[in-house]
Amino acid sequence: MVVSLTSPQPVHDLPPLPDIPDTDEDCPISGVIPGETGSMRLPELIFGAAAFSNQYNASEHLSSTIPLRTVRLALRYGLKAFDTSAYYGPSEIVLGTALKTLAPEFPRESYKLLTKCGRYGVKPQDFDYSPATIRKSVQRSLARLNTTYLDAVYLHDVEFVCTSVQPRSAGHHESALTTDAKEYGIAVGKEAKVWGDGDRVILDAIAELRKMKQEGIIKNIGFSGYPLPVLLRLSLLVLHTEPYEPIDVLMSYSHLNLQNSSFATFLPYFRDRAKISQLITASPLNMGLLTPSPPPWHPAPHAIMSAIREASAICDANDCEGGLVNLALGYAYREARKLELPTVVGLSKLSEVHQTMRAWRELKSASDDPDSVRRKSEERVLEHLKEFKDYSWSSP
């Protein structure tokens, strides 16, 4: 449940740090730790705190000491950046309380905080990009996260607010970069065009974030969202609108994974044409799609979900270590490493942190041999999913 900006904020209580278990399970397994990448010097793996919400976990889990222990273990492994949002229910509160409690071991300057504003529910009326609300939301995030500054703030899910400019909302969108550029609103020479009131709302919200950046409470500003052509169009619009400065950071989710890796195709345009210095990929498991039990609310079409279940069975039948989850994580991490992108991965349990680091380290140390057992398993899954490869569902 998303708490209104005008409502009293919930309190997340934790016992004193000495009373919180710190067992062998809370200790990292020795090995290589994630390096830093991009202008923000982010770790190669970023802790996705969307999992600290009721979409992914029950209230009993969120109110326990498990979230703090998960955050602590991730920090001990070197995952020193966290992605959250005002939209993720109690996520900011749970994360902020954990980090405050862990301050003796991990002071504020030892990690980075990235959050989002503008989205406060699932309905169209739950989006509010007005400058006053954007400022109020950032101020609340500061309080919830127990910090005086935020390393990045995104406008959350911009595709729901901007003016719609695209020939189709679902399907394959690579043609936006070539033959269909005009229809998607990203043709050369049209970058500065404001297509409607939604675009004006986006520009006003970015202007307010810029003010807060000048005030020192935000270090980097940008967009997060799903449709890549929309993200590119809005990034170009900002760059070609006074004061003619690019956004600092952009996060794309569910577009660099076994089912859809089209972020790799769009990446040069974000870097070279839109001049964005920090790009981030999120959700290597495609919002839980690439797991044995995708969440029931997942927006993927039924046919894709069925194909994923069959792919999971293929992994099990071929004794793929760690199953589809491990295979998908490894694929996403390898592709992100090639593209020099940090990856946001959702974590909510100690076991998930250990599993993530194991998969990442395996990829870090393994050769890129196309004849390896892992690559052969990937080929089987990719062949099974080829009908749906790089298919993007509709959003909104």
# chains A, B, ... in the order shown; residues from 1 in each chain; ligands from 1
$ residues_around --residues "A:Lys338" --least-positions-apart "5" --cutoff "12 Å" --atoms "only C-alpha atoms" --output "number ranges by chain"
A: 37, 44, 256, 264, 267, 331-333, 343, 363-364, 368
$ write_last_selection --atoms "C-alpha atoms" --output "PDB file, in the first residue's frame"
ATOM      1  CA  THR A  37      31.027   1.619 -13.357  1.00  0.00           C
ATOM      2  CA  GLU A  44      28.089  -3.558 -10.898  1.00  0.00           C
ATOM      3  CA  LEU A 256      18.286  -6.950 -20.731  1.00  0.00           C
ATOM      4  CA  ALA A 264      21.612  -3.436 -25.995  1.00  0.00           C
ATOM      5  CA  LEU A 267      22.142   1.727 -25.727  1.00  0.00           C
ATOM      6  CA  TYR A 331      22.890 -14.275 -18.832  1.00  0.00           C
ATOM      7  CA  ALA A 332      21.827 -10.823 -17.649  1.00  0.00           C
ATOM      8  CA  TYR A 333      25.012 -10.212 -15.675  1.00  0.00           C
ATOM      9  CA  THR A 343      22.312  -4.123 -12.815  1.00  0.00           C
ATOM     10  CA  LEU A 363      30.127 -15.333 -14.678  1.00  0.00           C
ATOM     11  CA  LYS A 364      33.017 -13.159 -13.560  1.00  0.00           C
ATOM     12  CA  ASP A 368      33.018 -16.908 -22.554  1.00  0.00           C
TER      13      ASP A 368
END
$ residues_around --residues "A:Glu215" --least-positions-apart "3" --cutoff "12 Å" --atoms "only C-alpha atoms" --output "list in words"
Arg135, Thr148, Tyr149, Leu150, Glu208, Leu209, Arg210, Lys211, Met212, Ile218, Lys219 and Asn220 of chain A
$ residues_around --residues "stretch 311-328 of chain A" --least-positions-apart "4" --cutoff "12 Å" --atoms "only C-alpha atoms" --output "CSV table (one decimal) with all heavy atoms, in the first residue's frame"
chain,number,residue,atom,x,y,z
A,254,SER,N,13.6,-4.7,-17.3
A,254,SER,CA,13.1,-5.8,-18.1
A,254,SER,C,13.5,-5.7,-19.6
A,254,SER,O,12.7,-6.2,-20.4
A,254,SER,CB,11.6,-5.9,-17.9
A,254,SER,OG,11.3,-6.3,-16.6
A,256,LEU,N,17.0,-6.3,-20.5
A,256,LEU,CA,18.3,-6.9,-20.7
A,256,LEU,C,18.3,-8.3,-20.0
A,256,LEU,O,18.8,-8.5,-18.9
A,256,LEU,CB,19.4,-6.1,-20.2
A,256,LEU,CG,20.8,-6.4,-20.7
A,256,LEU,CD1,20.9,-6.3,-22.2
A,256,LEU,CD2,21.9,-5.6,-20.0
A,257,ASN,N,17.6,-9.2,-20.6
A,257,ASN,CA,17.4,-10.5,-20.0
A,257,ASN,C,17.2,-11.6,-21.0
A,257,ASN,O,17.2,-11.3,-22.2
A,257,ASN,CB,16.2,-10.5,-19.0
A,257,ASN,CG,14.9,-10.1,-19.7
A,257,ASN,OD1,14.3,-10.8,-20.5
A,257,ASN,ND2,14.4,-8.8,-19.4
A,258,LEU,N,17.0,-12.8,-20.6
A,258,LEU,CA,16.8,-13.9,-21.6
A,258,LEU,C,15.7,-13.7,-22.5
A,258,LEU,O,15.8,-14.2,-23.7
A,258,LEU,CB,16.6,-15.2,-20.8
A,258,LEU,CG,17.9,-16.0,-20.3
A,258,LEU,CD1,17.5,-17.1,-19.4
A,258,LEU,CD2,18.7,-16.5,-21.5
A,259,GLN,N,14.6,-13.1,-22.1
A,259,GLN,CA,13.4,-13.0,-23.0
A,259,GLN,C,13.5,-11.7,-23.8
A,259,GLN,O,13.1,-11.7,-25.0
A,259,GLN,CB,12.2,-13.0,-22.1
A,259,GLN,CG,10.9,-12.8,-23.0
A,259,GLN,CD,10.4,-11.4,-23.1
A,259,GLN,OE1,10.4,-10.6,-22.1
A,259,GLN,NE2,9.9,-11.0,-24.3
A,260,ASN,N,14.1,-10.7,-23.3
A,260,ASN,CA,14.2,-9.4,-24.0
A,260,ASN,C,15.5,-8.7,-23.7
A,260,ASN,O,15.7,-8.2,-22.6
A,260,ASN,CB,13.0,-8.5,-23.6
A,260,ASN,CG,12.8,-7.3,-24.4
A,260,ASN,OD1,13.8,-6.8,-25.0
A,260,ASN,ND2,11.6,-6.7,-24.5
A,261,SER,N,16.3,-8.6,-24.7
A,261,SER,CA,17.6,-7.9,-24.5
A,261,SER,C,17.8,-6.7,-25.4
A,261,SER,O,18.9,-6.3,-25.8
A,261,SER,CB,18.8,-8.9,-24.7
A,261,SER,OG,18.7,-9.4,-26.1
A,283,SER,N,16.1,-5.5,-13.2
A,283,SER,CA,15.2,-6.7,-13.3
A,283,SER,C,15.8,-7.8,-14.2
A,283,SER,O,15.2,-8.1,-15.3
A,283,SER,CB,13.8,-6.3,-13.7
A,283,SER,OG,12.9,-7.4,-13.3
A,284,PRO,N,16.9,-8.4,-13.9
A,284,PRO,CA,17.4,-9.5,-14.7
A,284,PRO,C,16.5,-10.7,-14.8
A,284,PRO,O,16.6,-11.5,-15.7
A,284,PRO,CB,18.7,-9.8,-14.0
A,284,PRO,CG,18.6,-9.4,-12.6
A,284,PRO,CD,17.7,-8.1,-12.7
A,285,LEU,N,15.6,-10.8,-13.8
A,285,LEU,CA,14.6,-11.9,-13.9
A,285,LEU,C,13.3,-11.4,-14.5
A,285,LEU,O,12.2,-12.1,-14.3
A,285,LEU,CB,14.4,-12.5,-12.5
A,285,LEU,CG,15.6,-13.1,-11.9
A,285,LEU,CD1,15.3,-13.6,-10.5
A,285,LEU,CD2,16.1,-14.3,-12.7
A,286,ASN,N,13.3,-10.2,-15.1
A,286,ASN,CA,12.1,-9.7,-15.8
A,286,ASN,C,10.9,-9.6,-14.9
A,286,ASN,O,9.8,-10.1,-15.2
A,286,ASN,CB,11.8,-10.6,-17.0
A,286,ASN,CG,11.2,-9.8,-18.2
A,286,ASN,OD1,10.8,-8.7,-18.0
A,286,ASN,ND2,11.2,-10.5,-19.3
A,287,MET,N,11.1,-9.0,-13.8
A,287,MET,CA,10.0,-8.8,-12.7
A,287,MET,C,9.4,-10.2,-12.3
A,287,MET,O,8.2,-10.3,-12.1
A,287,MET,CB,8.9,-7.9,-13.3
A,287,MET,CG,9.3,-6.5,-13.5
A,287,MET,SD,7.9,-5.3,-13.7
A,287,MET,CE,7.0,-6.1,-15.0
A,288,GLY,N,10.3,-11.1,-12.2
A,288,GLY,CA,9.9,-12.4,-11.7
A,288,GLY,C,9.4,-13.4,-12.8
A,288,GLY,O,9.0,-14.5,-12.5
A,289,LEU,N,9.3,-12.9,-14.0
A,289,LEU,CA,8.9,-13.7,-15.1
A,289,LEU,C,9.8,-14.9,-15.3
A,289,LEU,O,9.3,-16.0,-15.6
A,289,LEU,CB,8.8,-12.9,-16.4
A,289,LEU,CG,8.3,-13.6,-17.7
A,289,LEU,CD1,6.9,-14.1,-17.5
A,289,LEU,CD2,8.5,-12.7,-18.9
A,290,LEU,N,11.1,-14.7,-15.2
A,290,LEU,CA,12.0,-15.8,-15.5
A,290,LEU,C,12.3,-16.6,-14.2
A,290,LEU,O,13.5,-16.9,-13.8
A,290,LEU,CB,13.3,-15.2,-16.0
A,290,LEU,CG,13.2,-14.5,-17.4
A,290,LEU,CD1,14.4,-13.7,-17.8
A,290,LEU,CD2,12.8,-15.6,-18.5
A,291,THR,N,11.2,-17.0,-13.6
A,291,THR,CA,11.3,-17.9,-12.4
A,291,THR,C,10.3,-19.0,-12.5
A,291,THR,O,9.4,-18.9,-13.4
A,291,THR,CB,11.0,-17.1,-11.1
A,291,THR,OG1,9.6,-16.6,-11.2
A,291,THR,CG2,11.9,-15.9,-11.0
A,292,PRO,N,10.3,-20.0,-11.7
A,292,PRO,CA,9.4,-21.1,-11.9
A,292,PRO,C,7.9,-20.7,-11.6
A,292,PRO,O,7.0,-21.3,-12.1
A,292,PRO,CB,9.8,-22.1,-10.8
A,292,PRO,CG,11.3,-21.9,-10.6
A,292,PRO,CD,11.4,-20.4,-10.8
A,293,SER,N,7.8,-19.6,-10.8
A,293,SER,CA,6.4,-19.1,-10.4
A,293,SER,C,6.3,-17.6,-10.6
A,293,SER,O,6.4,-16.9,-9.6
A,293,SER,CB,6.1,-19.5,-9.0
A,293,SER,OG,6.1,-20.9,-8.8
A,294,PRO,N,6.1,-17.1,-11.8
A,294,PRO,CA,5.9,-15.7,-12.0
A,294,PRO,C,4.8,-15.1,-11.2
A,294,PRO,O,3.8,-15.8,-11.0
A,294,PRO,CB,5.6,-15.6,-13.5
A,294,PRO,CG,6.2,-16.8,-14.1
A,294,PRO,CD,6.0,-17.9,-13.1
A,304,ILE,N,3.6,-15.9,-23.5
A,304,ILE,CA,5.0,-15.8,-23.0
A,304,ILE,C,5.1,-16.5,-21.6
A,304,ILE,O,6.1,-17.2,-21.4
A,304,ILE,CB,5.4,-14.3,-22.9
A,304,ILE,CG1,5.5,-13.7,-24.3
A,304,ILE,CG2,6.7,-14.2,-22.1
A,304,ILE,CD1,5.9,-12.2,-24.3
A,305,MET,N,4.2,-16.3,-20.8
A,305,MET,CA,4.2,-17.0,-19.5
A,305,MET,C,4.3,-18.5,-19.6
A,305,MET,O,5.1,-19.2,-19.0
A,305,MET,CB,3.1,-16.6,-18.6
A,305,MET,CG,3.1,-15.2,-18.0
A,305,MET,SD,2.0,-15.0,-16.7
A,305,MET,CE,2.6,-13.4,-16.0
A,306,SER,N,3.5,-19.0,-20.6
A,306,SER,CA,3.5,-20.5,-20.8
A,306,SER,C,4.9,-20.9,-21.4
A,306,SER,O,5.4,-22.0,-20.9
A,306,SER,CB,2.4,-20.8,-21.8
A,306,SER,OG,1.1,-20.5,-21.3
A,307,ALA,N,5.5,-20.1,-22.2
A,307,ALA,CA,6.8,-20.5,-22.8
A,307,ALA,C,7.8,-20.5,-21.7
A,307,ALA,O,8.8,-21.3,-21.7
A,307,ALA,CB,7.1,-19.5,-23.9
A,332,ALA,N,22.0,-12.3,-17.8
A,332,ALA,CA,21.8,-10.8,-17.6
A,332,ALA,C,23.1,-10.2,-17.1
A,332,ALA,O,23.5,-9.1,-17.6
A,332,ALA,CB,20.7,-10.5,-16.7
A,333,TYR,N,23.8,-10.8,-16.2
A,333,TYR,CA,25.0,-10.2,-15.7
A,333,TYR,C,26.1,-10.2,-16.7
A,333,TYR,O,26.9,-9.2,-16.8
A,333,TYR,CB,25.5,-11.0,-14.4
A,333,TYR,CG,24.5,-10.9,-13.3
A,333,TYR,CD1,24.5,-11.9,-12.3
A,333,TYR,CD2,23.6,-9.9,-13.1
A,333,TYR,CE1,23.7,-11.8,-11.2
A,333,TYR,CE2,22.8,-9.8,-12.1
A,333,TYR,CZ,22.8,-10.8,-11.1
A,333,TYR,OH,21.9,-10.7,-10.0
A,334,ARG,N,26.2,-11.2,-17.5
A,334,ARG,CA,27.2,-11.3,-18.6
A,334,ARG,C,27.0,-10.2,-19.6
A,334,ARG,O,27.9,-9.4,-20.0
A,334,ARG,CB,27.3,-12.6,-19.3
A,334,ARG,CG,28.4,-12.7,-20.3
A,334,ARG,CD,28.4,-14.0,-21.0
A,334,ARG,NE,27.3,-14.2,-21.9
A,334,ARG,CZ,26.3,-15.1,-21.7
A,334,ARG,NH1,26.3,-15.9,-20.7
A,334,ARG,NH2,25.3,-15.2,-22.6
A,335,GLU,N,25.7,-10.0,-20.0
A,335,GLU,CA,25.4,-9.0,-21.0
A,335,GLU,C,25.6,-7.6,-20.5
A,335,GLU,O,26.1,-6.7,-21.2
A,335,GLU,CB,24.0,-9.1,-21.5
A,335,GLU,CG,23.7,-10.4,-22.2
A,335,GLU,CD,24.6,-10.7,-23.4
A,335,GLU,OE1,24.6,-9.8,-24.3
A,335,GLU,OE2,25.3,-11.7,-23.4
A,345,VAL,N,19.1,-5.6,-9.1
A,345,VAL,CA,18.5,-7.0,-8.8
A,345,VAL,C,17.7,-6.9,-7.5
A,345,VAL,O,18.2,-6.5,-6.5
A,345,VAL,CB,19.6,-8.1,-8.8
A,345,VAL,CG1,20.7,-7.8,-7.8
A,345,VAL,CG2,18.9,-9.4,-8.6
A,352,GLU,N,18.8,-15.1,-1.2
A,352,GLU,CA,18.8,-14.4,-2.5
A,352,GLU,C,20.1,-13.7,-2.7
A,352,GLU,O,20.6,-13.6,-3.8
A,352,GLU,CB,17.6,-13.5,-2.6
A,352,GLU,CG,16.3,-14.3,-2.7
A,352,GLU,CD,15.1,-13.4,-2.6
A,352,GLU,OE1,15.3,-12.1,-2.3
A,352,GLU,OE2,14.0,-13.9,-2.7
A,354,HIS,N,23.1,-14.4,-1.4
A,354,HIS,CA,24.1,-15.4,-1.6
A,354,HIS,C,24.0,-16.0,-3.0
A,354,HIS,O,25.0,-16.1,-3.7
A,354,HIS,CB,24.0,-16.5,-0.6
A,354,HIS,CG,24.5,-16.2,0.8
A,354,HIS,ND1,25.8,-15.8,1.1
A,354,HIS,CD2,23.8,-16.2,2.0
A,354,HIS,CE1,25.9,-15.5,2.4
A,354,HIS,NE2,24.7,-15.8,2.9
A,355,GLN,N,22.8,-16.3,-3.4
A,355,GLN,CA,22.6,-16.8,-4.8
A,355,GLN,C,23.0,-15.9,-5.9
A,355,GLN,O,23.6,-16.2,-6.9
A,355,GLN,CB,21.1,-17.2,-5.0
A,355,GLN,CG,20.8,-17.8,-6.3
A,355,GLN,CD,19.3,-18.0,-6.6
A,355,GLN,OE1,18.5,-17.2,-6.2
A,355,GLN,NE2,18.9,-19.2,-7.1
A,356,THR,N,22.6,-14.6,-5.7
A,356,THR,CA,23.0,-13.6,-6.7
A,356,THR,C,24.5,-13.4,-6.8
A,356,THR,O,25.1,-13.4,-7.9
A,356,THR,CB,22.4,-12.2,-6.3
A,356,THR,OG1,21.0,-12.3,-6.4
A,356,THR,CG2,22.9,-11.1,-7.1
A,357,MET,N,25.2,-13.4,-5.7
A,357,MET,CA,26.7,-13.3,-5.7
A,357,MET,C,27.3,-14.5,-6.3
A,357,MET,O,28.3,-14.4,-7.0
A,357,MET,CB,27.2,-13.0,-4.3
A,357,MET,CG,26.9,-11.6,-3.8
A,357,MET,SD,27.5,-10.3,-4.9
A,357,MET,CE,29.3,-10.7,-4.9
A,358,ARG,N,26.7,-15.7,-6.0
A,358,ARG,CA,27.3,-16.9,-6.6
A,358,ARG,C,27.2,-16.9,-8.1
A,358,ARG,O,28.2,-17.2,-8.8
A,358,ARG,CB,26.6,-18.1,-6.0
A,358,ARG,CG,27.1,-19.4,-6.5
A,358,ARG,CD,26.6,-20.6,-5.8
A,358,ARG,NE,25.1,-20.8,-6.0
A,358,ARG,CZ,24.2,-20.5,-5.0
A,358,ARG,NH1,24.6,-20.1,-3.8
A,358,ARG,NH2,23.0,-20.7,-5.3
A,359,ALA,N,26.0,-16.5,-8.6
A,359,ALA,CA,25.8,-16.4,-10.1
A,359,ALA,C,26.7,-15.4,-10.7
A,359,ALA,O,27.3,-15.6,-11.8
A,359,ALA,CB,24.4,-16.1,-10.4
A,360,TRP,N,26.8,-14.2,-10.0
A,360,TRP,CA,27.7,-13.1,-10.6
A,360,TRP,C,29.1,-13.5,-10.6
A,360,TRP,O,29.8,-13.3,-11.6
A,360,TRP,CB,27.5,-11.9,-9.7
A,360,TRP,CG,28.3,-10.7,-10.2
A,360,TRP,CD1,28.0,-9.9,-11.3
A,360,TRP,CD2,29.5,-10.3,-9.7
A,360,TRP,NE1,29.0,-8.9,-11.4
A,360,TRP,CE2,29.9,-9.1,-10.4
A,360,TRP,CE3,30.3,-10.7,-8.6
A,360,TRP,CZ2,31.1,-8.4,-10.2
A,360,TRP,CZ3,31.5,-10.0,-8.3
A,360,TRP,CH2,31.9,-8.9,-9.1
A,361,ARG,N,29.6,-14.2,-9.5
A,361,ARG,CA,31.0,-14.6,-9.5
A,361,ARG,C,31.3,-15.7,-10.5
A,361,ARG,O,32.4,-15.7,-11.1
A,361,ARG,CB,31.3,-15.1,-8.1
A,361,ARG,CG,31.5,-13.9,-7.1
A,361,ARG,CD,31.7,-14.4,-5.7
A,361,ARG,NE,32.0,-13.3,-4.7
A,361,ARG,CZ,32.1,-13.4,-3.4
A,361,ARG,NH1,31.8,-14.6,-2.9
A,361,ARG,NH2,32.4,-12.4,-2.7
A,362,GLU,N,30.3,-16.6,-10.7
A,362,GLU,CA,30.6,-17.6,-11.7
A,362,GLU,C,30.8,-17.0,-13.1
A,362,GLU,O,31.7,-17.4,-13.8
A,362,GLU,CB,29.3,-18.6,-11.7
A,362,GLU,CG,29.2,-19.5,-10.6
A,362,GLU,CD,28.0,-20.4,-10.6
A,362,GLU,OE1,27.2,-20.2,-11.6
A,362,GLU,OE2,27.7,-21.2,-9.7
A,363,LEU,N,30.0,-16.0,-13.4
A,363,LEU,CA,30.1,-15.3,-14.7
A,363,LEU,C,31.4,-14.5,-14.7
A,363,LEU,O,32.1,-14.4,-15.8
A,363,LEU,CB,28.9,-14.4,-14.9
A,363,LEU,CG,27.8,-15.0,-15.8
A,363,LEU,CD1,28.3,-15.2,-17.2
A,363,LEU,CD2,27.3,-16.3,-15.2
A,372,SER,N,30.5,-24.1,-23.4
A,372,SER,CA,30.4,-24.4,-22.0
A,372,SER,C,29.0,-24.9,-21.7
A,372,SER,O,28.0,-24.7,-22.5
A,372,SER,CB,30.6,-23.1,-21.1
A,372,SER,OG,29.6,-22.1,-21.3
A,373,VAL,N,28.8,-25.6,-20.6
A,373,VAL,CA,27.5,-26.2,-20.2
A,373,VAL,C,26.5,-25.0,-20.0
A,373,VAL,O,25.3,-25.2,-20.5
A,373,VAL,CB,27.6,-27.0,-18.9
A,373,VAL,CG1,26.3,-27.4,-18.4
A,373,VAL,CG2,28.6,-28.2,-19.1
A,374,ARG,N,26.9,-23.9,-19.4
A,374,ARG,CA,26.0,-22.8,-19.2
A,374,ARG,C,25.5,-22.2,-20.6
A,374,ARG,O,24.3,-22.0,-20.8
A,374,ARG,CB,26.6,-21.7,-18.4
A,374,ARG,CG,25.8,-20.4,-18.2
A,374,ARG,CD,26.4,-19.4,-17.4
A,374,ARG,NE,26.4,-19.7,-16.0
A,374,ARG,CZ,25.3,-19.4,-15.2
A,374,ARG,NH1,24.3,-18.8,-15.7
A,374,ARG,NH2,25.4,-19.7,-13.9
A,375,ARG,N,26.4,-22.0,-21.5
A,375,ARG,CA,26.0,-21.4,-22.7
A,375,ARG,C,25.2,-22.4,-23.6
A,375,ARG,O,24.2,-21.9,-24.3
A,375,ARG,CB,27.3,-21.0,-23.5
A,375,ARG,CG,28.1,-19.9,-22.9
A,375,ARG,CD,27.3,-18.6,-22.8
A,375,ARG,NE,27.0,-18.0,-24.1
A,375,ARG,CZ,27.8,-17.2,-24.8
A,375,ARG,NH1,28.9,-16.9,-24.3
A,375,ARG,NH2,27.4,-16.8,-26.0
A,376,LYS,N,25.4,-23.7,-23.4
A,376,LYS,CA,24.6,-24.6,-24.2
A,376,LYS,C,23.1,-24.6,-23.6
A,376,LYS,O,22.2,-24.7,-24.3
A,376,LYS,CB,25.2,-26.0,-24.0
A,376,LYS,CG,26.4,-26.2,-24.9
A,376,LYS,CD,26.2,-26.1,-26.4
A,376,LYS,CE,27.4,-26.5,-27.2
A,376,LYS,NZ,27.2,-26.3,-28.6
A,377,SER,N,23.1,-24.5,-22.3
A,377,SER,CA,21.7,-24.4,-21.6
A,377,SER,C,21.0,-23.1,-22.0
A,377,SER,O,19.8,-23.1,-22.3
A,377,SER,CB,21.9,-24.4,-20.1
A,377,SER,OG,22.5,-25.7,-19.7
A,378,GLU,N,21.8,-22.0,-22.1
A,378,GLU,CA,21.2,-20.8,-22.6
A,378,GLU,C,20.6,-20.9,-24.0
A,378,GLU,O,19.5,-20.4,-24.3
A,378,GLU,CB,22.2,-19.6,-22.6
A,378,GLU,CG,22.5,-19.1,-21.2
A,378,GLU,CD,23.6,-18.0,-21.3
A,378,GLU,OE1,23.9,-17.5,-22.4
A,378,GLU,OE2,24.1,-17.5,-20.2
A,379,GLU,N,21.4,-21.6,-24.8
A,379,GLU,CA,21.0,-21.7,-26.2
A,379,GLU,C,19.6,-22.5,-26.3
A,379,GLU,O,18.8,-22.2,-27.1
A,379,GLU,CB,22.0,-22.5,-27.0
A,379,GLU,CG,23.3,-21.6,-27.3
A,379,GLU,CD,24.4,-22.4,-28.0
A,379,GLU,OE1,24.1,-23.5,-28.4
A,379,GLU,OE2,25.5,-21.9,-28.1
A,380,ARG,N,19.5,-23.5,-25.5
A,380,ARG,CA,18.2,-24.3,-25.5
A,380,ARG,C,17.1,-23.4,-25.1
A,380,ARG,O,16.0,-23.4,-25.7
A,380,ARG,CB,18.4,-25.5,-24.5
A,380,ARG,CG,19.3,-26.5,-24.9
A,380,ARG,CD,19.2,-27.8,-24.0
A,380,ARG,NE,20.3,-28.7,-24.2
A,380,ARG,CZ,21.3,-28.8,-23.4
A,380,ARG,NH1,21.4,-27.9,-22.4
A,380,ARG,NH2,22.3,-29.6,-23.6
A,381,VAL,N,17.3,-22.6,-24.0
A,381,VAL,CA,16.2,-21.7,-23.6
A,381,VAL,C,15.9,-20.6,-24.6
A,381,VAL,O,14.7,-20.4,-24.9
A,381,VAL,CB,16.5,-21.1,-22.2
A,381,VAL,CG1,15.5,-20.0,-21.8
A,381,VAL,CG2,16.6,-22.2,-21.1
A,382,LEU,N,16.9,-20.0,-25.1
A,382,LEU,CA,16.7,-19.0,-26.1
A,382,LEU,C,16.0,-19.5,-27.4
A,382,LEU,O,15.2,-18.8,-28.0
A,382,LEU,CB,18.1,-18.3,-26.5
A,382,LEU,CG,18.7,-17.5,-25.4
A,382,LEU,CD1,20.2,-17.1,-25.8
A,382,LEU,CD2,17.9,-16.2,-25.2
A,383,GLU,N,16.4,-20.7,-27.8
A,383,GLU,CA,15.7,-21.3,-28.9
A,383,GLU,C,14.2,-21.5,-28.6
A,383,GLU,O,13.4,-21.3,-29.5
A,383,GLU,CB,16.4,-22.7,-29.3
A,383,GLU,CG,15.7,-23.5,-30.4
A,383,GLU,CD,15.8,-22.8,-31.7
A,383,GLU,OE1,16.6,-21.9,-31.9
A,383,GLU,OE2,14.9,-23.1,-32.6
A,384,HIS,N,13.9,-21.9,-27.4
A,384,HIS,CA,12.5,-22.2,-27.0
A,384,HIS,C,11.7,-20.8,-27.0
A,384,HIS,O,10.5,-20.8,-27.3
A,384,HIS,CB,12.4,-22.9,-25.7
A,384,HIS,CG,11.1,-23.3,-25.3
A,384,HIS,ND1,10.4,-24.3,-25.9
A,384,HIS,CD2,10.2,-22.7,-24.4
A,384,HIS,CE1,9.2,-24.4,-25.3
A,384,HIS,NE2,9.0,-23.5,-24.5
A,385,LEU,N,12.4,-19.7,-26.6
A,385,LEU,CA,11.8,-18.5,-26.5
A,385,LEU,C,11.9,-17.6,-27.7
A,385,LEU,O,11.4,-16.4,-27.7
A,385,LEU,CB,12.4,-17.7,-25.3
A,385,LEU,CG,12.2,-18.3,-23.9
A,385,LEU,CD1,12.9,-17.5,-22.9
A,385,LEU,CD2,10.8,-18.5,-23.5
A,386,LYS,N,12.4,-18.1,-28.8
A,386,LYS,CA,12.7,-17.2,-30.0
A,386,LYS,C,11.5,-16.5,-30.5
A,386,LYS,O,11.6,-15.4,-31.1
A,386,LYS,CB,13.5,-18.0,-31.0
A,386,LYS,CG,12.6,-19.1,-31.7
A,386,LYS,CD,13.5,-19.8,-32.8
A,386,LYS,CE,12.7,-20.9,-33.5
A,386,LYS,NZ,13.5,-21.6,-34.5
$ closest_residue --among "A:Phe263, A:Tyr154, A:Tyr253, A:Tyr269" --to "A:Val188" --atoms "only C-alpha atoms"
A:Tyr269
$ atom_distance --atom1 "atom CA of A:Gly118" --atom2 "atom CA of A:Thr97"
22.5 Å
$ select_by_dssp --residues "stretch 113-167 of chain A" --states "strand (DSSP E or B)" --output "mmCIF file with C-alpha atoms, in the first residue's frame"
data_model
loop_
_atom_site.group_PDB
_atom_site.id
_atom_site.type_symbol
_atom_site.label_atom_id
_atom_site.label_comp_id
_atom_site.auth_asym_id
_atom_site.auth_seq_id
_atom_site.Cartn_x
_atom_site.Cartn_y
_atom_site.Cartn_z
ATOM 1 C CA LEU A 113 20.707 5.886 -2.572
ATOM 2 C CA LEU A 114 18.564 6.073 -5.714
ATOM 3 C CA THR A 115 14.825 6.677 -5.460
ATOM 4 C CA LYS A 116 11.894 7.746 -7.605
ATOM 5 C CA CYS A 117 9.047 10.220 -7.423
ATOM 6 C CA ARG A 119 4.072 7.690 -9.039
ATOM 7 C CA PHE A 127 0.588 9.992 -10.915
ATOM 8 C CA LEU A 150 19.974 11.486 -2.531
ATOM 9 C CA ALA A 152 19.797 10.010 -7.784
ATOM 10 C CA VAL A 153 16.098 10.739 -8.182
ATOM 11 C CA TYR A 154 14.116 9.503 -11.186
ATOM 12 C CA LEU A 155 10.732 10.526 -12.476
#
$ residues_around --residues "stretch 171-184 of chain A" --least-positions-apart "3" --cutoff "8 Å" --atoms "only C-alpha atoms" --output "PyMOL selection string"
chain A and resi 165-168+187+228-230+233+262+265-266+390-394
$ closest_residue --among "A:Glu105, A:Asp248, A:Asp157, A:Glu310" --to "A:Gly121" --atoms "only C-alpha atoms"
A:Asp157
$ closest_residue --among "A:Ile134, A:Ala74, A:Ala103, A:Leu234" --to "A:Ile29" --atoms "only C-alpha atoms"
A:Ala74
$ closest_residue --among "A:Leu45, A:Ala81, A:Val138, A:Ile202" --to "A:Ser110" --atoms "only C-alpha atoms"
A:Ala81
$ atom_distance --atom1 "atom CA of A:Leu341" --atom2 "atom CA of A:Pro370"
22.0 Å
$ residues_around --residues "A:Gly225" --least-positions-apart "6" --cutoff "8 Å" --atoms "only C-alpha atoms" --output "number ranges by chain"
A: 156-159, 231, 251-253
$ closest_residue --among "A:Pro104, A:Ala143, A:Ser64, A:Asp151" --to "A:Leu14" --atoms "only C-alpha atoms"
A:Ser64
$ closest_residue --among "A:Glu36, A:Glu387, A:Glu60, A:Glu191" --to "A:Lys80" --atoms "only C-alpha atoms"
A:Glu36
